[in-house]
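Structure file model14.cif (mmCIF, C-alpha atoms) is printed below.
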```cif
data_final
#
loop_
_atom_site.label_atom_id
_atom_site.label_comp_id
_atom_site.auth_asym_id
_atom_site.auth_seq_id
_atom_site.Cartn_x
_atom_site.Cartn_y
_atom_site.Cartn_z
CA MET F 25 0.00 0.00 0.00
CA ALA F 26 1.27 3.47 -0.89
CA SER F 27 2.42 5.71 1.92
CA LEU F 28 0.62 8.89 2.92
CA ARG F 29 3.39 10.97 1.33
CA ASP F 30 3.11 9.11 -1.99
CA ILE F 31 -0.66 9.58 -2.10
CA LYS F 32 -0.37 13.25 -1.22
CA ASN F 33 2.27 13.82 -3.92
CA ARG F 34 0.07 12.14 -6.49
CA ILE F 35 -2.91 14.28 -5.50
CA THR F 36 -0.78 17.41 -5.89
CA SER F 37 0.51 16.40 -9.33
CA THR F 38 -2.99 15.45 -10.53
CA LYS F 39 -4.34 18.83 -9.42
CA LYS F 40 -1.62 20.60 -11.41
CA THR F 41 -2.44 18.46 -14.45
CA SER F 42 -6.14 19.30 -14.15
CA GLN F 43 -5.30 23.01 -14.06
CA ILE F 44 -3.35 22.63 -17.31
CA THR F 45 -6.11 20.66 -19.07
CA LYS F 46 -8.72 23.16 -17.88
CA ALA F 47 -6.69 26.04 -19.32
CA MET F 48 -6.23 24.15 -22.61
CA GLU F 49 -9.97 23.51 -22.74
CA MET F 50 -10.73 27.22 -22.38
CA VAL F 51 -8.19 28.15 -25.07
CA SER F 52 -9.60 25.53 -27.45
CA ALA F 53 -13.14 26.75 -26.75
CA ALA F 54 -12.21 30.26 -27.89
CA LYS F 55 -10.47 28.90 -31.01
CA TRP F 56 -13.40 26.57 -31.72
CA ASN F 57 -15.91 29.41 -31.65
CA ARG F 58 -13.86 31.46 -34.09
CA GLY F 59 -13.11 28.44 -36.27
CA VAL F 60 -16.80 27.65 -36.68
CA MET F 61 -17.50 31.27 -37.62
CA ASN F 62 -14.73 31.19 -40.25
CA ALA F 63 -16.01 27.94 -41.75
CA LYS F 64 -19.60 29.19 -41.93
CA ALA F 65 -18.54 32.57 -43.36
CA PHE F 66 -16.76 30.81 -46.24
CA VAL F 67 -19.85 28.83 -47.31
CA PRO F 68 -21.59 31.66 -49.26
CA TYR F 69 -18.42 32.27 -51.29
CA MET F 70 -18.12 28.55 -52.04
CA GLU F 71 -21.72 28.32 -53.15
CA LYS F 72 -21.40 31.35 -55.44
CA ILE F 73 -18.15 30.33 -57.12
CA GLN F 74 -19.55 26.83 -57.61
CA GLU F 75 -22.69 28.27 -59.20
CA VAL F 76 -20.72 30.56 -61.53
CA THR F 77 -18.24 27.85 -62.52
CA ALA F 78 -20.99 25.29 -63.15
CA SER F 79 -23.04 27.77 -65.16
CA ILE F 80 -20.13 28.61 -67.46
CA ALA F 81 -18.95 25.02 -67.79
CA MET F 82 -22.43 23.62 -68.48
CA GLY F 83 -23.44 26.54 -70.66
CA SER F 84 -20.49 26.16 -73.00
CA LYS F 85 -20.80 23.10 -75.21
CA ASP F 86 -17.37 23.66 -76.72
CA SER F 87 -15.60 23.63 -73.35
CA ASN F 88 -13.05 20.84 -73.10
CA HIS F 89 -10.93 21.85 -70.13
CA PRO F 90 -8.76 18.96 -68.76
CA MET F 91 -9.95 19.63 -65.19
CA LEU F 92 -13.51 18.79 -66.26
CA ASN F 93 -12.74 15.53 -68.08
CA SER F 94 -11.91 12.12 -66.68
CA ARG F 95 -8.86 10.28 -68.02
CA PRO F 96 -7.39 6.80 -67.50
CA VAL F 97 -6.17 6.57 -63.92
CA LYS F 98 -2.54 5.54 -63.65
CA LYS F 99 -1.84 7.31 -60.37
CA THR F 100 -4.14 8.63 -57.63
CA GLY F 101 -3.43 11.61 -55.41
CA TYR F 102 -4.61 11.88 -51.80
CA LEU F 103 -4.72 15.18 -49.92
CA VAL F 104 -5.02 14.57 -46.17
CA ILE F 105 -5.60 17.27 -43.55
CA THR F 106 -4.45 16.68 -39.97
CA SER F 107 -3.13 18.83 -37.13
CA ASP F 108 0.43 19.71 -36.10
CA ARG F 109 -0.19 18.69 -32.49
CA GLY F 110 -1.86 15.87 -30.60
CA LEU F 111 -4.10 16.01 -27.51
CA ALA F 112 -7.17 16.15 -29.75
CA GLY F 113 -8.77 12.81 -29.01
CA ALA F 114 -9.39 10.67 -32.10
CA TYR F 115 -9.33 13.65 -34.48
CA ASN F 116 -6.12 12.64 -36.27
CA SER F 117 -6.30 8.87 -35.87
CA ASN F 118 -9.76 8.57 -37.47
CA VAL F 119 -8.69 10.39 -40.65
CA LEU F 120 -5.35 8.61 -40.91
CA ARG F 121 -6.84 5.18 -40.27
CA GLN F 122 -9.49 5.57 -42.98
CA LEU F 123 -7.02 6.87 -45.58
CA TYR F 124 -4.45 4.20 -44.72
CA GLN F 125 -7.03 1.42 -45.06
CA THR F 126 -8.27 2.90 -48.35
CA ILE F 127 -4.75 2.98 -49.79
CA GLN F 128 -4.13 -0.61 -48.67
CA LYS F 129 -7.28 -1.76 -50.47
CA ARG F 130 -6.88 0.24 -53.68
CA HIS F 131 -3.15 0.08 -54.35
CA LYS F 132 -0.46 -2.58 -54.42
CA SER F 133 2.62 -0.35 -54.63
CA ASN F 134 3.76 3.20 -53.86
CA ASP F 135 3.95 3.92 -57.59
CA GLU F 136 0.16 3.90 -57.82
CA PHE F 137 -0.49 6.83 -55.46
CA ALA F 138 0.90 10.09 -54.10
CA ILE F 139 0.13 11.71 -50.75
CA ILE F 140 -0.09 15.45 -50.07
CA ALA F 141 -0.09 16.08 -46.31
CA ILE F 142 -1.30 19.20 -44.54
CA GLY F 143 -0.26 18.88 -40.90
CA ARG F 144 2.74 17.38 -39.11
CA VAL F 145 0.86 14.38 -37.70
CA GLY F 146 -0.25 13.16 -41.13
CA ARG F 147 3.14 13.77 -42.71
CA ASP F 148 5.01 11.88 -39.99
CA PHE F 149 2.49 9.02 -40.04
CA PHE F 150 2.92 8.24 -43.73
CA GLN F 151 6.64 8.98 -43.91
CA SER F 152 7.31 6.59 -41.02
CA ARG F 153 5.59 3.85 -43.05
CA GLY F 154 7.63 4.57 -46.16
CA MET F 155 4.65 5.82 -48.17
CA ASN F 156 4.94 8.27 -51.05
CA VAL F 157 4.54 11.78 -49.57
CA VAL F 158 5.27 14.17 -52.46
CA LEU F 159 4.23 17.44 -50.82
CA ASP F 160 3.61 18.62 -47.26
CA ILE F 161 3.00 21.78 -45.25
CA VAL F 162 3.22 22.26 -41.48
CA GLY F 163 2.86 25.17 -39.10
CA ILE F 164 -0.51 26.41 -40.36
CA ALA F 165 -2.16 28.89 -38.00
CA ASP F 166 -5.21 27.94 -35.94
CA GLN F 167 -7.21 30.50 -37.94
CA PRO F 168 -5.59 30.08 -41.39
CA SER F 169 -5.76 32.61 -44.19
CA PHE F 170 -5.88 31.58 -47.83
CA SER F 171 -2.41 32.99 -48.44
CA GLU F 172 -0.95 30.39 -46.05
CA ILE F 173 -2.13 27.44 -48.12
CA GLN F 174 -2.25 29.08 -51.56
CA ASP F 175 1.08 27.59 -52.60
CA ILE F 176 0.23 24.02 -51.68
CA ALA F 177 -3.26 24.41 -53.18
CA SER F 178 -1.93 25.75 -56.48
CA ASN F 179 0.85 23.14 -56.53
CA THR F 180 -1.71 20.39 -55.93
CA VAL F 181 -3.89 21.59 -58.80
CA GLY F 182 -0.78 22.01 -60.96
CA MET F 183 0.30 18.42 -60.27
CA PHE F 184 -3.04 17.21 -61.60
CA SER F 185 -2.78 19.44 -64.66
CA ASP F 186 0.74 18.24 -65.54
CA GLY F 187 -0.20 14.58 -65.11
CA THR F 188 1.59 13.76 -61.84
CA PHE F 189 -1.66 12.03 -60.84
CA ASP F 190 -4.91 11.50 -62.74
CA GLU F 191 -7.41 11.97 -59.93
CA LEU F 192 -7.33 13.61 -56.50
CA TYR F 193 -9.22 12.77 -53.32
CA ILE F 194 -9.27 14.87 -50.16
CA TYR F 195 -9.60 13.40 -46.66
CA TYR F 196 -10.49 15.55 -43.68
CA SER F 197 -12.65 15.72 -40.57
CA HIS F 198 -15.99 17.39 -41.31
CA TYR F 199 -17.45 19.47 -38.47
CA LEU F 200 -20.94 18.45 -37.36
CA SER F 201 -21.09 19.75 -33.79
CA ALA F 202 -18.89 20.42 -30.79
CA ILE F 203 -18.95 16.73 -29.86
CA SER F 204 -19.29 15.15 -33.31
CA GLN F 205 -16.94 15.15 -36.29
CA GLU F 206 -17.12 12.93 -39.36
CA VAL F 207 -14.28 11.70 -41.56
CA THR F 208 -15.05 12.78 -45.11
CA GLU F 209 -13.71 11.58 -48.45
CA LYS F 210 -14.35 13.91 -51.37
CA LYS F 211 -13.23 13.61 -54.98
CA LEU F 212 -11.59 16.93 -55.76
CA LEU F 213 -10.29 16.43 -59.29
CA PRO F 214 -11.39 16.02 -62.02
CA LEU F 215 -14.47 18.20 -61.51
CA THR F 216 -16.82 15.77 -63.22
CA ASP F 217 -19.83 16.39 -60.95
CA ILE F 218 -19.65 20.17 -60.73
CA GLY F 219 -22.94 20.60 -62.56
CA ALA F 220 -24.78 18.02 -60.44
CA ALA F 221 -23.53 19.63 -57.22
CA SER F 222 -24.93 23.03 -58.17
CA THR F 223 -28.64 23.46 -57.45
CA LYS F 224 -29.13 26.46 -59.72
CA LEU F 225 -27.59 27.56 -62.98
CA THR F 226 -27.54 31.14 -64.23
CA SER F 227 -26.92 32.36 -67.74
CA TYR F 228 -23.90 34.67 -67.95
CA GLU F 229 -22.49 36.86 -70.65
CA PHE F 230 -18.72 36.72 -70.66
CA GLU F 231 -15.72 38.03 -72.51
CA PRO F 232 -13.67 36.92 -74.31
CA ASN F 233 -14.85 33.27 -74.26
CA ALA F 234 -15.71 30.40 -71.93
CA GLU F 235 -12.41 28.59 -72.45
CA GLU F 236 -10.27 31.50 -71.28
CA ILE F 237 -12.52 32.20 -68.30
CA LEU F 238 -12.52 28.56 -67.22
CA GLU F 239 -8.74 28.48 -67.59
CA VAL F 240 -8.57 30.99 -64.71
CA LEU F 241 -11.72 30.10 -62.79
CA LEU F 242 -11.38 26.31 -62.50
CA PRO F 243 -8.00 26.32 -60.67
CA GLN F 244 -9.34 28.99 -58.31
CA TYR F 245 -12.43 26.89 -57.67
CA ALA F 246 -10.35 23.78 -56.90
CA GLU F 247 -8.09 25.80 -54.59
CA SER F 248 -11.13 27.20 -52.78
CA LEU F 249 -12.38 23.63 -52.21
CA ILE F 250 -9.09 22.83 -50.47
CA TYR F 251 -9.27 25.99 -48.37
CA GLY F 252 -12.90 25.31 -47.42
CA ALA F 253 -11.99 21.78 -46.32
CA LEU F 254 -9.12 23.18 -44.25
CA LEU F 255 -11.43 25.65 -42.45
CA ASP F 256 -13.91 22.85 -41.80
CA SER F 257 -11.13 20.61 -40.52
CA LYS F 258 -9.75 23.33 -38.22
CA ALA F 259 -13.19 23.79 -36.63
CA SER F 260 -13.29 20.02 -36.05
CA GLU F 261 -9.78 20.05 -34.56
CA HIS F 262 -10.59 22.77 -32.03
CA ALA F 263 -13.85 21.05 -31.09
CA ALA F 264 -12.12 17.69 -30.66
CA ARG F 265 -9.32 19.20 -28.55
CA MET F 266 -11.83 21.10 -26.39
CA THR F 267 -13.80 17.89 -25.76
CA ALA F 268 -10.64 15.87 -25.07
CA MET F 269 -9.36 18.42 -22.56
CA ARG F 270 -12.76 18.59 -20.83
CA ASN F 271 -12.77 14.80 -20.48
CA ALA F 272 -9.20 14.89 -19.16
CA THR F 273 -10.18 17.50 -16.57
CA ASP F 274 -13.18 15.44 -15.46
CA ASN F 275 -11.05 12.30 -15.20
CA ALA F 276 -8.47 14.20 -13.14
CA LYS F 277 -11.18 15.35 -10.73
CA GLU F 278 -12.45 11.80 -10.33
CA LEU F 279 -8.90 10.58 -9.66
CA ILE F 280 -8.34 13.34 -7.10
CA ASN F 281 -11.54 12.36 -5.28
CA SER F 282 -10.50 8.71 -5.27
CA LEU F 283 -6.99 9.52 -4.05
CA SER F 284 -8.35 11.85 -1.36
CA LEU F 285 -10.57 9.06 -0.09
CA SER F 286 -7.61 6.67 -0.02
CA TYR F 287 -5.50 9.30 1.75
CA ASN F 288 -8.13 9.88 4.42
CA ARG F 289 -8.57 6.14 5.00
CA ALA F 290 -4.82 5.60 5.29
CA ARG F 291 -4.50 8.59 7.63
CA GLN F 292 -7.36 7.33 9.78
CA ALA F 293 -5.80 3.87 9.88
CA ALA F 294 -2.47 5.35 10.98
CA ILE F 295 -4.15 7.38 13.75
CA THR F 296 -6.13 4.34 14.92
CA GLN F 297 -2.96 2.27 15.04
CA GLU F 298 -1.16 4.94 17.10
CA ILE F 299 -4.05 5.12 19.57
CA THR F 300 -4.12 1.32 19.84
CA GLU F 301 -0.37 1.24 20.55
CA ILE F 302 -0.71 3.93 23.23
CA VAL F 303 -3.60 2.13 24.91
CA GLY F 304 -1.75 -1.17 24.72
CA GLY F 305 1.40 0.38 26.22
CA ALA F 306 -0.57 1.97 29.07
CA ALA F 307 -2.28 -1.32 29.81
CA ALA F 308 1.07 -3.11 29.96
CA LEU F 309 2.34 -0.69 32.63
CA GLU F 310 -0.58 -1.36 34.99
#
```

Just give me the structure as structure tokens.
Amino acid sequence: MASLRDIKNRITSTKKTSQITKAMEMVSAAKWNRGVMNAKAFVPYMEKIQEVTASIAMGSKDSNHPMLNSRPVKKTGYLVITSDRGLAGAYNSNVLRQLYQTIQKRHKSNDEFAIIAIGRVGRDFFQSRGMNVVLDIVGIADQPSFSEIQDIASNTVGMFSDGTFDELYIYYSHYLSAISQEVTEKKLLPLTDIGAASTKLTSYEFEPNAEEILEVLLPQYAESLIYGALLDSKASEHAARMTAMRNATDNAKELINSLSLSYNRARQAAITQEITEIVGGAAALE
């Protein structure tokens, strides 16, 4: 049985840990609130650019842009979004597990796929397993701006255009609520279902022609899809970390209560033993 000093030291250390987790929960709560606002504020822009792009692409019968057409798949690209830090519950592991299992089922060698990793956890996970990580970015802010991921977004779209891979899927954690996030797989390129995804089409007059407009608009649309997924994923990350830290704080409180009970019992037993020894010694002197 642990001594009174050992129990007391453990209670003290657990209290300090609970103070840290409580502070991290409060920080994550503030970031979560702002992250949700950023993700929701980006939705109207996404809907409008999707509507405009679909209207031009569907309205032009002569359009034959490579980003709109499927081609024989020789290599598949996977863009995975994770965090740079842990302590976020199952946020990272759920995304990584699903993508890893998907790659194991679909591909037999590293030559058949390429991985683009946003976040240190995802990059380290696949690199440690010797998988083909062709591009990565770490150190993204908790409230990212488009300029921070513009390079990797444009490079990703450029790799599809130059034939590095023939299709691109994005894996991230979709935000549902503060306690619920869902791993999402979305086909990013080619944009074969852009017309079906748009609920309304508007007729536009444009200059000089649809081909030149789509040449500029389609890469921007694909990049905005990546940025929108990143904002959604960041909201999920902050929510998952907030929930994980709240659970850690609650568990620490339960442990403190249990240790305090053990400490009081041990202390009472020690006092009882001392009293018994005193009474026994006094009786022996009579």

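Distances here use all atoms listed in the file; by that measure, the residue among F:Leu254, F:Leu28, F:Ala65, F:Met91 closest to Asp186 of chain F is F:Met91.
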
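Running the PyMOL selection byres ((chain F and resi 205) around 10) on this file leaves Ala114, Tyr115, Asn118, Tyr196, Ser197, His198, Tyr199, Leu200, Ser201, Ala202, Ile203, Ser204, Glu206, Val207, Thr208, Asp256, Ser257, Ala259, Ser260, Glu261, Ala263 and Ala264 of chain F selected.
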
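Taking all atoms listed in the file into account, Ser286 of chain F lies nearest to F:Ser27 out of the set F:Thr36, F:Ser27, F:Thr267, F:Ser178.
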
* Spell out the residues picked by the PyMOL selection byres ((chain F and resi 89) around 9) here, as a list in words. => Ala81, Ser87, Asn88, Pro90, Met91, Leu92, Asn93, Glu235, Leu238, Glu239 and Leu242 of chain F

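Using only C-alpha atoms, the smallest distance between any of F:Val60, F:Ile299, F:Ile250, F:Leu123 and Val181 of chain F comes from F:Ile250.
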
* Asked: Could you write out as a ChimeraX atom specification the residues that the PyMOL selection byres ((chain F and resi 40-42) around 12) matches in the shown file?
  -> /F:33-39,43-49,269-280

* To do: Figure out the distance between atom CA of Lys211 of chain F and atom CA of Leu192 of chain F, please, to one decimal in Å.
  => 6.1 Å

To box segment 198-207 of chain F, take all atoms listed in the file, fit an axis-aligned box, add 8 Å on each side, and give centre and edge lengths in Å to one decimal, as JSON.
```
{"center_x": -17.7, "center_y": 16.1, "center_z": -35.7, "size_x": 22.8, "size_y": 24.7, "size_z": 27.7}
```

* When you draw a straight line from atom CA of Ser169 of chain F to atom CA of Arg147 of chain F, how long is it in Å? -> 20.9 Å

* Could you pull out every residue with an atom within 10 Å of (-12.2, 27.2, -52.4), file coordinates, counting only C-alpha atoms, and send them as JSON, numbers by chain? => {"F": [66, 67, 69, 70, 71, 73, 74, 170, 177, 243, 244, 245, 246, 247, 248, 249, 250, 251, 252, 253, 254]}

Using the selection just defined, write its residues with C-alpha atoms as an mmCIF file, in the frame of the given file.
```cif
data_model
loop_
_atom_site.group_PDB
_atom_site.id
_atom_site.type_symbol
_atom_site.label_atom_id
_atom_site.label_comp_id
_atom_site.auth_asym_id
_atom_site.auth_seq_id
_atom_site.Cartn_x
_atom_site.Cartn_y
_atom_site.Cartn_z
ATOM 1 C CA PHE F 66 -16.760 30.810 -46.240
ATOM 2 C CA VAL F 67 -19.850 28.830 -47.310
ATOM 3 C CA TYR F 69 -18.420 32.270 -51.290
ATOM 4 C CA MET F 70 -18.120 28.550 -52.040
ATOM 5 C CA GLU F 71 -21.720 28.320 -53.150
ATOM 6 C CA ILE F 73 -18.150 30.330 -57.120
ATOM 7 C CA GLN F 74 -19.550 26.830 -57.610
ATOM 8 C CA PHE F 170 -5.880 31.580 -47.830
ATOM 9 C CA ALA F 177 -3.260 24.410 -53.180
ATOM 10 C CA PRO F 243 -8.000 26.320 -60.670
ATOM 11 C CA GLN F 244 -9.340 28.990 -58.310
ATOM 12 C CA TYR F 245 -12.430 26.890 -57.670
ATOM 13 C CA ALA F 246 -10.350 23.780 -56.900
ATOM 14 C CA GLU F 247 -8.090 25.800 -54.590
ATOM 15 C CA SER F 248 -11.130 27.200 -52.780
ATOM 16 C CA LEU F 249 -12.380 23.630 -52.210
ATOM 17 C CA ILE F 250 -9.090 22.830 -50.470
ATOM 18 C CA TYR F 251 -9.270 25.990 -48.370
ATOM 19 C CA GLY F 252 -12.900 25.310 -47.420
ATOM 20 C CA ALA F 253 -11.990 21.780 -46.320
ATOM 21 C CA LEU F 254 -9.120 23.180 -44.250
#
```

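Of the residues under consideration (F:Ala290, F:Ile194, F:Ala53, F:Ile295), F:Ala290 shows the shortest atom-to-atom contact distance to Arg29 of chain F when counting all atoms listed in the file.
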
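The gap separating atom CA of Asp30 of chain F from atom CA of Gln297 of chain F is 19.3 Å, in Å to one decimal.
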
* Closest to Met266 of chain F among F:Val157, F:Ala306, F:Ala26, F:Leu111, using only C-alpha atoms? -> F:Leu111

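Proximity ranking of F:Lys258, F:Trp56, F:Asn233, F:Gly110 relative to Ile164 of chain F places F:Lys258 first, based on only C-alpha atoms.
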
All residues 7 Å or closer to Asp190 of chain F, all atoms listed in the file, same chain fewer than 5 positions away omitted, as a JSON list (two decimals) with C-alpha atoms, in the frame of the given file:
```json
[["chain", "number", "residue", "atom", "x", "y", "z"],
["F", 95, "ARG", "CA", -8.86, 10.28, -68.02],
["F", 97, "VAL", "CA", -6.17, 6.57, -63.92],
["F", 98, "LYS", "CA", -2.54, 5.54, -63.65],
["F", 99, "LYS", "CA", -1.84, 7.31, -60.37],
["F", 100, "THR", "CA", -4.14, 8.63, -57.63],
["F", 184, "PHE", "CA", -3.04, 17.21, -61.60]]
```

Emit a file covering segment 256-267 of chain F of the preceding structure with N, CA, C and O atoms, as an mmCIF file, in the first residue's frame.
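Saved result, selection20.cif, follows:
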```cif
data_model
loop_
_atom_site.group_PDB
_atom_site.id
_atom_site.type_symbol
_atom_site.label_atom_id
_atom_site.label_comp_id
_atom_site.auth_asym_id
_atom_site.auth_seq_id
_atom_site.Cartn_x
_atom_site.Cartn_y
_atom_site.Cartn_z
ATOM 1 N N ASP F 256 -13.014 23.821 -42.418
ATOM 2 C CA ASP F 256 -13.911 22.846 -41.797
ATOM 3 C C ASP F 256 -13.128 21.931 -40.856
ATOM 4 O O ASP F 256 -13.549 21.637 -39.727
ATOM 5 N N SER F 257 -11.960 21.498 -41.324
ATOM 6 C CA SER F 257 -11.130 20.606 -40.524
ATOM 7 C C SER F 257 -10.597 21.302 -39.268
ATOM 8 O O SER F 257 -10.499 20.684 -38.199
ATOM 9 N N LYS F 258 -10.248 22.587 -39.378
ATOM 10 C CA LYS F 258 -9.754 23.328 -38.219
ATOM 11 C C LYS F 258 -10.842 23.474 -37.156
ATOM 12 O O LYS F 258 -10.569 23.375 -35.956
ATOM 13 N N ALA F 259 -12.080 23.719 -37.591
ATOM 14 C CA ALA F 259 -13.188 23.788 -36.634
ATOM 15 C C ALA F 259 -13.356 22.447 -35.914
ATOM 16 O O ALA F 259 -13.579 22.404 -34.695
ATOM 17 N N SER F 260 -13.206 21.349 -36.657
ATOM 18 C CA SER F 260 -13.292 20.017 -36.054
ATOM 19 C C SER F 260 -12.150 19.784 -35.073
ATOM 20 O O SER F 260 -12.346 19.196 -33.998
ATOM 21 N N GLU F 261 -10.943 20.238 -35.441
ATOM 22 C CA GLU F 261 -9.781 20.052 -34.565
ATOM 23 C C GLU F 261 -9.972 20.759 -33.229
ATOM 24 O O GLU F 261 -9.737 20.167 -32.162
ATOM 25 N N HIS F 262 -10.407 22.015 -33.266
ATOM 26 C CA HIS F 262 -10.588 22.767 -32.025
ATOM 27 C C HIS F 262 -11.701 22.150 -31.172
ATOM 28 O O HIS F 262 -11.584 22.093 -29.943
ATOM 29 N N ALA F 263 -12.764 21.684 -31.829
ATOM 30 C CA ALA F 263 -13.852 21.046 -31.085
ATOM 31 C C ALA F 263 -13.380 19.744 -30.439
ATOM 32 O O ALA F 263 -13.702 19.458 -29.283
ATOM 33 N N ALA F 264 -12.614 18.959 -31.192
ATOM 34 C CA ALA F 264 -12.116 17.686 -30.663
ATOM 35 C C ALA F 264 -11.152 17.919 -29.503
ATOM 36 O O ALA F 264 -11.198 17.201 -28.489
ATOM 37 N N ARG F 265 -10.276 18.917 -29.626
ATOM 38 C CA ARG F 265 -9.322 19.196 -28.547
ATOM 39 C C ARG F 265 -10.050 19.728 -27.303
ATOM 40 O O ARG F 265 -9.700 19.386 -26.181
ATOM 41 N N MET F 266 -11.053 20.571 -27.524
ATOM 42 C CA MET F 266 -11.825 21.095 -26.393
ATOM 43 C C MET F 266 -12.511 19.947 -25.646
ATOM 44 O O MET F 266 -12.469 19.887 -24.413
ATOM 45 N N THR F 267 -13.125 19.027 -26.378
ATOM 46 C CA THR F 267 -13.795 17.889 -25.759
ATOM 47 C C THR F 267 -12.804 16.978 -25.045
ATOM 48 O O THR F 267 -13.066 16.501 -23.933
#
```
